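**Student:** Sharing model02.pdb below, PDB, C-alpha atoms:
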```
ATOM      1  CA  MET T 484      -4.386 212.305 -17.105
ATOM      2  CA  LYS T 485      -2.583 214.304 -19.771
ATOM      3  CA  ILE T 486      -3.684 213.800 -23.346
ATOM      4  CA  CYS T 487      -1.535 213.811 -26.468
ATOM      5  CA  ALA T 488      -3.290 213.570 -29.790
ATOM      6  CA  LEU T 489      -2.964 213.104 -33.524
ATOM      7  CA  VAL T 490      -4.684 215.524 -35.897
ATOM      8  CA  GLY T 491      -5.006 214.635 -39.582
ATOM      9  CA  ASN T 492      -7.090 212.982 -42.266
ATOM     10  CA  PRO T 493      -6.683 210.043 -42.621
ATOM     11  CA  VAL T 494      -5.263 208.790 -39.316
ATOM     12  CA  SER T 495      -6.305 205.126 -39.266
ATOM     13  CA  HIS T 496      -2.930 204.034 -40.692
ATOM     14  CA  SER T 497      -0.918 205.736 -37.956
ATOM     15  CA  ALA T 498       1.271 203.753 -35.571
ATOM     16  CA  SER T 499       1.517 206.740 -33.224
ATOM     17  CA  PRO T 500      -1.146 205.692 -30.679
ATOM     18  CA  LYS T 501       0.364 202.281 -29.893
ATOM     19  CA  VAL T 502       3.928 203.635 -30.040
ATOM     20  CA  PHE T 503       3.422 206.583 -27.694
ATOM     21  CA  ASP T 504       1.145 204.709 -25.296
ATOM     22  CA  ALA T 505       3.802 201.988 -24.987
ATOM     23  CA  GLY T 506       6.394 204.629 -24.130
ATOM     24  CA  PHE T 507       4.147 206.316 -21.580
ATOM     25  CA  GLU T 508       3.398 202.977 -19.918
ATOM     26  CA  LYS T 509       7.075 202.001 -19.802
ATOM     27  CA  GLN T 510       7.949 205.202 -17.947
ATOM     28  CA  ASN T 511       4.826 205.172 -15.756
ATOM     29  CA  LEU T 512       3.601 208.472 -17.167
ATOM     30  CA  PHE T 513      -0.091 209.301 -16.758
ATOM     31  CA  TYR T 514      -0.484 210.168 -20.452
ATOM     32  CA  ARG T 515      -2.721 208.852 -23.234
ATOM     33  CA  TYR T 516      -2.384 209.335 -27.008
ATOM     34  CA  ILE T 517      -5.617 209.684 -29.016
ATOM     35  CA  PRO T 518      -6.015 210.004 -32.822
ATOM     36  CA  PHE T 519      -8.574 212.411 -34.272
ATOM     37  CA  CYS T 520      -9.663 212.235 -37.904
ATOM     38  CA  VAL T 521     -10.274 215.931 -38.540
ATOM     39  CA  LYS T 522     -12.366 217.510 -41.298
ATOM     40  CA  ASN T 523     -12.449 221.060 -39.937
ATOM     41  CA  LEU T 524      -9.027 222.060 -38.617
ATOM     42  CA  SER T 525      -9.969 225.380 -37.003
ATOM     43  CA  VAL T 526     -12.810 223.767 -35.052
ATOM     44  CA  ALA T 527     -10.525 220.913 -33.996
ATOM     45  CA  ALA T 528      -7.800 223.305 -32.806
ATOM     46  CA  GLU T 529     -10.278 225.186 -30.617
ATOM     47  CA  GLY T 530     -11.659 221.918 -29.294
ATOM     48  CA  LEU T 531      -8.178 220.723 -28.327
ATOM     49  CA  ARG T 532      -7.588 223.959 -26.417
ATOM     50  CA  ALA T 533     -10.600 223.093 -24.264
ATOM     51  CA  LEU T 534      -9.291 219.618 -23.417
ATOM     52  CA  PRO T 535      -6.448 218.725 -20.994
ATOM     53  CA  VAL T 536      -4.135 218.305 -23.980
ATOM     54  CA  LYS T 537      -0.372 218.436 -23.439
ATOM     55  CA  GLY T 538       0.295 218.458 -27.163
ATOM     56  CA  PHE T 539      -0.538 216.892 -30.472
ATOM     57  CA  SER T 540       0.986 215.594 -33.685
ATOM     58  CA  VAL T 541      -0.077 217.112 -36.991
ATOM     59  CA  THR T 542      -0.119 214.986 -40.117
ATOM     60  CA  ILE T 543      -1.423 215.105 -43.699
ATOM     61  CA  PRO T 544      -2.940 217.445 -44.874
ATOM     62  CA  TYR T 545      -2.582 220.015 -42.081
ATOM     63  CA  LYS T 546       1.137 220.639 -41.468
ATOM     64  CA  GLU T 547       1.055 223.994 -43.210
ATOM     65  CA  LYS T 548      -2.580 224.908 -42.506
ATOM     66  CA  ILE T 549      -2.134 224.623 -38.719
ATOM     67  CA  ILE T 550       0.354 227.510 -38.492
ATOM     68  CA  PRO T 551      -2.080 230.485 -38.426
ATOM     69  CA  LEU T 552      -4.102 228.733 -35.709
ATOM     70  CA  LEU T 553      -1.155 228.643 -33.266
ATOM     71  CA  ASP T 554      -0.007 231.249 -30.752
ATOM     72  CA  ARG T 555       3.688 230.868 -31.522
ATOM     73  CA  VAL T 556       5.874 228.904 -33.924
ATOM     74  CA  ASP T 557       9.436 227.745 -33.292
ATOM     75  CA  PRO T 558      11.981 229.463 -35.627
ATOM     76  CA  VAL T 559      12.903 226.216 -37.414
ATOM     77  CA  ALA T 560       9.246 225.325 -38.012
ATOM     78  CA  ARG T 561       8.668 228.889 -39.207
ATOM     79  CA  GLU T 562      11.542 228.574 -41.672
ATOM     80  CA  LEU T 563      10.215 225.224 -42.849
ATOM     81  CA  GLY T 564       6.701 226.566 -43.176
ATOM     82  CA  ALA T 565       5.336 223.382 -41.638
ATOM     83  CA  VAL T 566       4.434 222.174 -38.144
ATOM     84  CA  ASN T 567       4.106 218.508 -37.175
ATOM     85  CA  THR T 568       4.234 218.926 -33.386
ATOM     86  CA  VAL T 569       2.248 221.216 -31.102
ATOM     87  CA  VAL T 570       3.008 221.720 -27.422
ATOM     88  CA  ARG T 571       0.684 223.394 -24.937
ATOM     89  CA  GLU T 572       2.335 225.948 -22.675
ATOM     90  CA  GLY T 573      -0.298 227.328 -20.312
ATOM     91  CA  LYS T 574      -3.104 228.485 -22.583
ATOM     92  CA  LYS T 575      -0.875 228.837 -25.628
ATOM     93  CA  LEU T 576      -0.236 226.368 -28.453
ATOM     94  CA  ILE T 577       3.348 226.351 -29.707
ATOM     95  CA  GLY T 578       4.311 224.766 -33.037
ATOM     96  CA  TYR T 579       7.497 222.789 -33.723
ATOM     97  CA  ASN T 580       8.841 220.641 -36.520
ATOM     98  CA  THR T 581      10.518 217.319 -35.712
ATOM     99  CA  ASP T 582      10.079 215.846 -39.208
ATOM    100  CA  TRP T 583      13.382 217.280 -40.371
ATOM    101  CA  VAL T 584      15.174 215.440 -37.540
ATOM    102  CA  GLY T 585      13.467 212.269 -38.744
ATOM    103  CA  VAL T 586      15.038 212.757 -42.177
ATOM    104  CA  TYR T 587      18.391 214.034 -40.929
ATOM    105  CA  GLN T 588      19.212 211.290 -38.422
ATOM    106  CA  PRO T 589      19.014 208.266 -40.786
ATOM    107  CA  LEU T 590      21.003 210.140 -43.466
ATOM    108  CA  ARG T 591      23.822 211.583 -41.369
ATOM    109  CA  LYS T 592      25.817 208.302 -41.607
ATOM    110  CA  TYR T 593      26.187 208.889 -45.357
ATOM    111  CA  SER T 594      28.498 211.433 -46.979
ATOM    112  CA  LEU T 595      26.030 213.559 -48.937
ATOM    113  CA  LYS T 596      28.059 216.730 -49.483
ATOM    114  CA  GLY T 597      27.769 217.630 -53.147
ATOM    115  CA  LYS T 598      25.525 214.639 -53.922
ATOM    116  CA  LYS T 599      22.439 215.104 -56.095
ATOM    117  CA  ALA T 600      19.255 214.581 -54.109
ATOM    118  CA  SER T 601      15.732 214.343 -55.498
ATOM    119  CA  VAL T 602      12.748 215.045 -53.254
ATOM    120  CA  LEU T 603       9.405 213.778 -54.541
ATOM    121  CA  GLY T 604       6.581 215.982 -53.293
ATOM    122  CA  ALA T 605       6.155 219.587 -52.200
ATOM    123  CA  GLY T 606       4.179 219.390 -48.958
ATOM    124  CA  GLY T 607       5.205 219.591 -45.310
ATOM    125  CA  ALA T 608       7.271 216.405 -45.334
ATOM    126  CA  ALA T 609       9.070 217.538 -48.497
ATOM    127  CA  ARG T 610       9.979 220.804 -46.775
ATOM    128  CA  ALA T 611      11.529 218.852 -43.902
ATOM    129  CA  ALA T 612      13.446 216.650 -46.344
ATOM    130  CA  VAL T 613      14.833 219.640 -48.258
ATOM    131  CA  TYR T 614      15.882 221.336 -45.014
ATOM    132  CA  ALA T 615      17.676 218.205 -43.767
ATOM    133  CA  LEU T 616      19.380 217.541 -47.097
ATOM    134  CA  LYS T 617      20.672 221.101 -47.295
ATOM    135  CA  LYS T 618      22.110 220.760 -43.795
ATOM    136  CA  LEU T 619      23.946 217.663 -45.050
ATOM    137  CA  GLY T 620      25.350 219.561 -48.028
ATOM    138  CA  ALA T 621      23.370 217.843 -50.798
ATOM    139  CA  LYS T 622      22.330 219.523 -54.046
ATOM    140  CA  VAL T 623      18.545 219.288 -54.042
ATOM    141  CA  THR T 624      15.865 219.205 -56.726
ATOM    142  CA  VAL T 625      12.175 219.163 -55.772
ATOM    143  CA  PHE T 626       9.801 217.241 -58.050
ATOM    144  CA  ASN T 627       6.026 217.562 -57.987
ATOM    145  CA  ARG T 628       3.074 216.830 -60.254
ATOM    146  CA  THR T 629       2.140 220.515 -60.035
ATOM    147  CA  PHE T 630       5.129 222.594 -61.090
ATOM    148  CA  SER T 631       3.976 225.765 -59.336
ATOM    149  CA  ARG T 632       4.168 224.008 -55.957
ATOM    150  CA  ALA T 633       7.622 222.594 -56.674
ATOM    151  CA  GLN T 634       8.787 225.984 -57.923
ATOM    152  CA  ARG T 635       7.476 227.778 -54.844
ATOM    153  CA  LEU T 636       9.288 225.366 -52.522
ATOM    154  CA  GLY T 637      12.422 225.600 -54.653
ATOM    155  CA  LYS T 638      12.466 229.385 -54.439
ATOM    156  CA  GLU T 639      11.895 229.375 -50.669
ATOM    157  CA  PHE T 640      14.829 227.051 -50.031
ATOM    158  CA  LYS T 641      16.995 228.146 -52.975
ATOM    159  CA  VAL T 642      17.022 224.712 -54.607
ATOM    160  CA  ASN T 643      16.055 223.449 -58.061
ATOM    161  CA  SER T 644      12.531 222.390 -58.994
ATOM    162  CA  ALA T 645      10.964 220.339 -61.771
ATOM    163  CA  LEU T 646       7.860 218.466 -62.848
ATOM    164  CA  LEU T 647       7.626 214.906 -61.571
ATOM    165  CA  LYS T 648       7.167 213.598 -65.115
ATOM    166  CA  ASP T 649      10.633 214.956 -65.947
ATOM    167  CA  PHE T 650      12.337 212.988 -63.159
ATOM    168  CA  PRO T 651      13.930 210.461 -65.586
ATOM    169  CA  GLN T 652      15.940 213.300 -67.156
ATOM    170  CA  TYR T 653      17.763 214.055 -63.895
ATOM    171  CA  LYS T 654      20.657 212.202 -62.242
ATOM    172  CA  SER T 655      20.041 211.317 -58.606
ATOM    173  CA  ASP T 656      22.367 209.908 -55.950
ATOM    174  CA  ILE T 657      19.548 209.882 -53.421
ATOM    175  CA  VAL T 658      15.772 209.868 -53.812
ATOM    176  CA  ILE T 659      13.328 210.684 -51.027
ATOM    177  CA  ASN T 660       9.635 209.968 -51.476
ATOM    178  CA  ALA T 661       8.022 212.692 -49.373
ATOM    179  CA  THR T 662       4.483 211.949 -50.533
ATOM    180  CA  SER T 663       1.851 209.523 -49.253
ATOM    181  CA  VAL T 664       2.041 207.485 -52.476
ATOM    182  CA  GLY T 665       2.598 203.856 -51.513
ATOM    183  CA  MET T 666       0.757 204.059 -48.206
ATOM    184  CA  GLU T 667      -1.028 200.721 -47.892
ATOM    185  CA  SER T 668      -0.845 200.293 -51.668
ATOM    186  CA  LYS T 669       1.570 199.092 -54.355
ATOM    187  CA  LYS T 670       1.751 202.463 -56.091
ATOM    188  CA  MET T 671       5.023 204.331 -56.655
ATOM    189  CA  SER T 672       5.758 207.995 -57.424
ATOM    190  CA  ILE T 673       8.330 206.991 -60.038
ATOM    191  CA  LYS T 674       8.788 203.993 -62.322
ATOM    192  CA  THR T 675      11.135 201.128 -61.443
ATOM    193  CA  LYS T 676      13.322 201.799 -64.477
ATOM    194  CA  ASP T 677      13.930 205.368 -63.240
ATOM    195  CA  ILE T 678      15.204 204.385 -59.782
ATOM    196  CA  PRO T 679      18.955 205.166 -59.711
ATOM    197  CA  THR T 680      20.862 201.882 -59.606
ATOM    198  CA  GLY T 681      23.070 201.656 -56.514
ATOM    199  CA  GLY T 682      21.786 204.922 -55.048
ATOM    200  CA  ILE T 683      20.045 205.688 -51.760
ATOM    201  CA  VAL T 684      16.250 205.522 -51.674
ATOM    202  CA  PHE T 685      14.348 206.799 -48.639
ATOM    203  CA  ASP T 686      10.565 206.438 -48.338
ATOM    204  CA  ILE T 687       8.826 208.394 -45.577
ATOM    205  CA  VAL T 688       5.825 206.040 -45.831
ATOM    206  CA  TYR T 689       5.994 203.414 -43.072
ATOM    207  CA  THR T 690       2.822 201.398 -43.707
ATOM    208  CA  PRO T 691       3.770 198.999 -45.125
ATOM    209  CA  LYS T 692       7.342 198.972 -43.844
ATOM    210  CA  GLU T 693       8.733 197.847 -47.203
ATOM    211  CA  THR T 694       6.833 199.891 -49.749
ATOM    212  CA  ALA T 695       6.716 199.037 -53.441
ATOM    213  CA  LEU T 696       9.321 201.769 -54.018
ATOM    214  CA  LEU T 697      11.760 200.328 -51.481
ATOM    215  CA  LYS T 698      11.224 196.791 -52.733
ATOM    216  CA  ALA T 699      12.007 197.886 -56.294
ATOM    217  CA  ALA T 700      14.998 199.934 -55.114
ATOM    218  CA  ARG T 701      16.451 196.994 -53.213
ATOM    219  CA  LYS T 702      16.274 194.867 -56.382
ATOM    220  CA  LYS T 703      18.284 197.570 -58.162
ATOM    221  CA  GLY T 704      21.067 197.406 -55.582
ATOM    222  CA  CYS T 705      20.087 200.556 -53.735
ATOM    223  CA  ARG T 706      20.621 201.257 -50.059
ATOM    224  CA  VAL T 707      17.122 201.711 -48.666
ATOM    225  CA  ILE T 708      15.933 203.729 -45.688
ATOM    226  CA  TYR T 709      12.581 202.773 -44.214
ATOM    227  CA  GLY T 710       9.956 205.266 -43.171
ATOM    228  CA  THR T 711      10.040 203.648 -39.725
ATOM    229  CA  GLU T 712      13.512 205.145 -39.229
ATOM    230  CA  MET T 713      12.141 208.626 -39.835
ATOM    231  CA  PHE T 714       9.140 207.923 -37.636
ATOM    232  CA  LEU T 715      11.309 206.735 -34.755
ATOM    233  CA  ALA T 716      13.670 209.719 -34.859
ATOM    234  CA  GLN T 717      10.966 212.361 -35.098
ATOM    235  CA  ALA T 718       8.720 210.630 -32.543
ATOM    236  CA  ALA T 719      11.549 210.622 -30.004
ATOM    237  CA  GLU T 720      11.786 214.404 -30.379
ATOM    238  CA  GLN T 721       8.022 214.764 -29.949
ATOM    239  CA  TYR T 722       8.049 212.573 -26.860
ATOM    240  CA  LYS T 723      10.686 214.759 -25.219
ATOM    241  CA  LEU T 724       8.827 217.975 -26.088
ATOM    242  CA  TRP T 725       5.625 216.676 -24.480
ATOM    243  CA  THR T 726       7.013 214.874 -21.441
ATOM    244  CA  GLY T 727      10.450 216.339 -20.808
ATOM    245  CA  GLU T 728      11.773 212.761 -20.772
ATOM    246  CA  GLU T 729      14.017 210.877 -23.177
ATOM    247  CA  ALA T 730      11.912 208.418 -25.157
ATOM    248  CA  PRO T 731      12.391 204.699 -24.327
ATOM    249  CA  LEU T 732      13.640 203.945 -27.846
ATOM    250  CA  GLY T 733      13.908 200.199 -27.328
ATOM    251  CA  VAL T 734      10.242 199.905 -26.429
ATOM    252  CA  ILE T 735       9.097 202.242 -29.199
ATOM    253  CA  GLU T 736      11.199 200.470 -31.816
ATOM    254  CA  LYS T 737       9.873 197.082 -30.717
ATOM    255  CA  VAL T 738       6.247 198.224 -30.911
ATOM    256  CA  LEU T 739       6.851 199.922 -34.261
ATOM    257  CA  GLY T 740       8.268 196.716 -35.673
ATOM    258  CA  SER T 741       5.469 194.492 -34.369
TER     259      SER T 741
END
```
As a first step, turn the structure in this file into structure tokens.
**Tutor:**
Amino acid sequence: MKICALVGNPVSHSASPKVFDAGFEKQNLFYRYIPFCVKNLSVAAEGLRALPVKGFSVTIPYKEKIIPLLDRVDPVARELGAVNTVVREGKKLIGYNTDWVGVYQPLRKYSLKGKKASVLGAGGAARAAVYALKKLGAKVTVFNRTFSRAQRLGKEFKVNSALLKDFPQYKSDIVINATSVGMESKKMSIKTKDIPTGGIVFDIVYTPKETALLKAARKKGCRVIYGTEMFLAQAAEQYKLWTGEEAPLGVIEKVLGS
């Protein structure tokens, strides 16, 4: 049996185990997906090398911290400065980033060239969002509670940066919540009154499916993009990297929605 895993803290909210296992079963692949709540990343990485692991997902808070523990990093993941997918090749661990695909795919149906996009957060998911938005031609501003983190990300990607508390002063055509705020709670990164009426609001959080942010955005006439859409697109890329097979999207989407 080949093992795929999830490395992060927390991991109890993740839909990955049931989603990937359903895909493996559908295609009769002798794989199993196991979540690991990790407190010491370097110890966990060495432990995974010793197991028959084909690859693993990396989630909060380790997408940036995992990089120095890998043998090689894909050029896109290197540019992003974040890894969410690791593939074992022989004895080596290779890092990739599929998060940006998860942001890019749901947004490509919109015409974003020249549009003003606000990314809330400055971690690994925010990096993926900025990368995808730039590919789509949007003008990006990164907002974070700690300005130094927003500024650092802004400089790396040559986009604007600002404090999260100053968000109401900026015009936004699209807002992406790239933080964990709203995960299994009714909290929001921004206030309802500051959500741009009629804009596009994308929340990477997928538990619950309709977060407080998306619910408020819908009431303000916004087009909303669920975190499940990002999850599905990036998971399909992970699945192919680990198995060499196209993911059975129908099965995965059904399980994700259940």
**Student:** Check the smallest atom-to-atom distance from each of T:Ser525, T:Thr624, T:Ser601, T:Gln717 to Val684 of chain T using all atoms listed in the file, then report the winner.
**Tutor:**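 Smallest separation from Val684 of chain T among the options: T:Ser601.
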**Student:** Mind giving me the straight-line distance from atom CA of Leu647 of chain T to atom CA of Gly607 of chain T in Å, one decimal?
**Tutor:**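 Between these atoms lies a distance of 17.1 Å.
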**Student:** Taking 4 positions as the minimum chain separation for residues in the same chain, which residues sit within 12 Å of Val569 of chain T when counting all atoms listed in the file? Answer as a PyMOL selection string.
**Tutor:** chain T and resi 487-490+528+531-532+536-542+546+549-550+552-557+560+565+575-581+720-722+724-725
**Student:** Given the choices T:Ile657, T:Leu732, T:Ala699, T:Val570, which gets closest to Glu712 of chain T if the distance is worked out from all atoms listed in the file?
**Tutor:**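 Of all the options, T:Leu732 lies closest to Glu712 of chain T.
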**Student:** What do you get, as a list in words, if you spell out every residue that the PyMOL selection byres ((chain T and resi 620) around 12) selects here?
**Tutor:** Tyr587, Leu590, Arg591, Tyr593, Ser594, Leu595, Lys596, Gly597, Lys598, Lys599, Ala600, Val613, Tyr614, Ala615, Leu616, Lys617, Lys618, Leu619, Ala621, Lys622, Val623 and Val642 of chain T
**Student:** Go ahead and write the residues just picked, C-alpha atoms, as a JSON list (two decimals), keeping the file's coordinate frame.
**Tutor:**
```json
[["chain", "number", "residue", "atom", "x", "y", "z"],
["T", 587, "TYR", "CA", 18.39, 214.03, -40.93],
["T", 590, "LEU", "CA", 21.00, 210.14, -43.47],
["T", 591, "ARG", "CA", 23.82, 211.58, -41.37],
["T", 593, "TYR", "CA", 26.19, 208.89, -45.36],
["T", 594, "SER", "CA", 28.50, 211.43, -46.98],
["T", 595, "LEU", "CA", 26.03, 213.56, -48.94],
["T", 596, "LYS", "CA", 28.06, 216.73, -49.48],
["T", 597, "GLY", "CA", 27.77, 217.63, -53.15],
["T", 598, "LYS", "CA", 25.52, 214.64, -53.92],
["T", 599, "LYS", "CA", 22.44, 215.10, -56.10],
["T", 600, "ALA", "CA", 19.26, 214.58, -54.11],
["T", 613, "VAL", "CA", 14.83, 219.64, -48.26],
["T", 614, "TYR", "CA", 15.88, 221.34, -45.01],
["T", 615, "ALA", "CA", 17.68, 218.20, -43.77],
["T", 616, "LEU", "CA", 19.38, 217.54, -47.10],
["T", 617, "LYS", "CA", 20.67, 221.10, -47.30],
["T", 618, "LYS", "CA", 22.11, 220.76, -43.80],
["T", 619, "LEU", "CA", 23.95, 217.66, -45.05],
["T", 621, "ALA", "CA", 23.37, 217.84, -50.80],
["T", 622, "LYS", "CA", 22.33, 219.52, -54.05],
["T", 623, "VAL", "CA", 18.55, 219.29, -54.04],
["T", 642, "VAL", "CA", 17.02, 224.71, -54.61]]
```
**Student:** Is there a way to get, as a PyMOL selection string, all residues within 12 Å of the point (8.5, 197.4, -50.3) in file coordinates, counting only C-alpha atoms?
**Tutor:** chain T and resi 665-671+684-702+707-710
**Student:** Which residue out of T:Pro589, T:Lys648, T:Ser663, T:Lys723 has the minimum interatomic distance to His496 of chain T when all atoms listed in the file are used?
**Tutor:** T:Ser663
**Student:** As a PyMOL selection string, please: the residues near Lys509 of chain T (cut-off 12 Å, only C-alpha atoms, same-chain neighbours under 4 positions excluded).
**Tutor:** chain T and resi 502-505+513-514+728-735+738
**Student:** Hey, can you check how far atom CA of Glu572 of chain T sits from atom CA of Lys501 of chain T?
**Tutor:**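 Computing it gives 24.8 Å between the two atoms.
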**Student:** Go ahead and fit an axis-aligned box to every listed atom of segment 581-588 of chain T plus 5 Å each side, and pass me the centre and edge lengths in Å, one decimal, as JSON.
**Tutor:**
```
{"center_x": 14.6, "center_y": 214.3, "center_z": -38.9, "size_x": 19.1, "size_y": 16.0, "size_z": 16.5}
```
**Student:** Take atom CA of Pro535 of chain T and atom CA of Ile486 of chain T and report the distance between them in Å, one decimal.
**Tutor:**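 If I compute the distance from atom CA of Pro535 of chain T to atom CA of Ile486 of chain T, I get 6.1 Å.
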**Student:** Once the PyMOL selection byres ((chain T and resi 632) around 12) has been evaluated on this model, what residues remain selected, and can you format them as a PyMOL selection string?
**Tutor:** chain T and resi 603-607+609-610+625-631+633-639+644-647
**Student:** I'd like to see the residues matched by the PyMOL selection byres ((chain T and resi 493) around 9) on this file, and ideally I'd get them as a list in words.
**Tutor:** Val490, Gly491, Asn492, Val494, Ser495, His496, Ser497, Phe519, Cys520, Val521, Thr542, Ile543 and Pro544 of chain T
**Student:** How would the residues just chosen look if you wrote them out with C-alpha atoms as a PDB file, keeping the file's coordinate frame?
**Tutor:**
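Contents of part_2.pdb, freshly written:
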```
ATOM      1  CA  VAL T 490      -4.684 215.524 -35.897  1.00  0.00           C
ATOM      2  CA  GLY T 491      -5.006 214.635 -39.582  1.00  0.00           C
ATOM      3  CA  ASN T 492      -7.090 212.982 -42.266  1.00  0.00           C
ATOM      4  CA  VAL T 494      -5.263 208.790 -39.316  1.00  0.00           C
ATOM      5  CA  SER T 495      -6.305 205.126 -39.266  1.00  0.00           C
ATOM      6  CA  HIS T 496      -2.930 204.034 -40.692  1.00  0.00           C
ATOM      7  CA  SER T 497      -0.918 205.736 -37.956  1.00  0.00           C
ATOM      8  CA  PHE T 519      -8.574 212.411 -34.272  1.00  0.00           C
ATOM      9  CA  CYS T 520      -9.663 212.235 -37.904  1.00  0.00           C
ATOM     10  CA  VAL T 521     -10.274 215.931 -38.540  1.00  0.00           C
ATOM     11  CA  THR T 542      -0.119 214.986 -40.117  1.00  0.00           C
ATOM     12  CA  ILE T 543      -1.423 215.105 -43.699  1.00  0.00           C
ATOM     13  CA  PRO T 544      -2.940 217.445 -44.874  1.00  0.00           C
TER      14      PRO T 544
END
```
**Student:** Of the residues T:Thr675, T:Gly506, T:Lys485, T:Ala498, which is the one nearest to Leu739 of chain T, using only C-alpha atoms?
**Tutor:**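 Ranked by minimum distance to Leu739 of chain T, first place goes to T:Ala498.
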**Student:** For a quick check of understanding, using all atoms listed in the file, which of T:Lys548, T:Met484, T:Asn523, T:Val584 has the smallest distance to Phe507 of chain T?
**Tutor:**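 Among T:Lys548, T:Met484, T:Asn523, T:Val584, it is T:Met484 that comes nearest to Phe507 of chain T.
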**Student:** Rank nothing, just name the residue among T:Ser499, T:Gln588, T:Lys574, T:Ile517 nearest to Glu529 of chain T, using all atoms listed in the file.
**Tutor:**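 Looking at the shortest contact to Glu529 of chain T, the residue is T:Lys574.
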**Student:** Find the residues near Lys654 of chain T: any atom within 8 Å, counting only C-alpha atoms, skip ones fewer than 2 places away on the same chain, and give them as a list in words.
**Tutor:** Lys599, Pro651, Gln652, Asp656 and Pro679 of chain T
**Student:** Would you mind putting back N, CA and C atoms on segment 588-602 of chain T, then writing it out as a CSV table (one decimal), in the coordinates of the input?
**Tutor:**
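What follows is the written file part.csv:
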```csv
chain,number,residue,atom,x,y,z
T,588,GLN,N,18.5,212.3,-39.2
T,588,GLN,CA,19.2,211.3,-38.4
T,588,GLN,C,19.6,210.0,-39.2
T,589,PRO,N,18.6,209.5,-40.0
T,589,PRO,CA,19.0,208.3,-40.8
T,589,PRO,C,20.0,208.5,-41.9
T,590,LEU,N,20.1,209.8,-42.3
T,590,LEU,CA,21.0,210.1,-43.5
T,590,LEU,C,22.4,210.6,-43.0
T,591,ARG,N,22.6,211.0,-41.8
T,591,ARG,CA,23.8,211.6,-41.4
T,591,ARG,C,25.0,210.6,-41.4
T,592,LYS,N,24.7,209.3,-41.5
T,592,LYS,CA,25.8,208.3,-41.6
T,592,LYS,C,26.4,208.2,-43.0
T,593,TYR,N,25.7,208.9,-44.0
T,593,TYR,CA,26.2,208.9,-45.4
T,593,TYR,C,26.9,210.2,-45.6
T,594,SER,N,27.8,210.2,-46.6
T,594,SER,CA,28.5,211.4,-47.0
T,594,SER,C,27.7,212.0,-48.2
T,595,LEU,N,26.9,213.0,-47.9
T,595,LEU,CA,26.0,213.6,-48.9
T,595,LEU,C,26.5,214.9,-49.5
T,596,LYS,N,27.6,215.4,-49.0
T,596,LYS,CA,28.1,216.7,-49.5
T,596,LYS,C,28.3,216.7,-51.0
T,597,GLY,N,27.6,217.6,-51.7
T,597,GLY,CA,27.8,217.6,-53.1
T,597,GLY,C,27.0,216.6,-53.9
T,598,LYS,N,26.3,215.7,-53.2
T,598,LYS,CA,25.5,214.6,-53.9
T,598,LYS,C,24.2,215.2,-54.4
T,599,LYS,N,23.7,214.6,-55.5
T,599,LYS,CA,22.4,215.1,-56.1
T,599,LYS,C,21.3,214.4,-55.5
T,600,ALA,N,20.4,215.2,-54.8
T,600,ALA,CA,19.3,214.6,-54.1
T,600,ALA,C,18.0,215.0,-54.8
T,601,SER,N,17.0,214.1,-54.9
T,601,SER,CA,15.7,214.3,-55.5
T,601,SER,C,14.7,214.1,-54.4
T,602,VAL,N,13.9,215.1,-54.2
T,602,VAL,CA,12.7,215.0,-53.3
T,602,VAL,C,11.4,215.0,-54.0
```
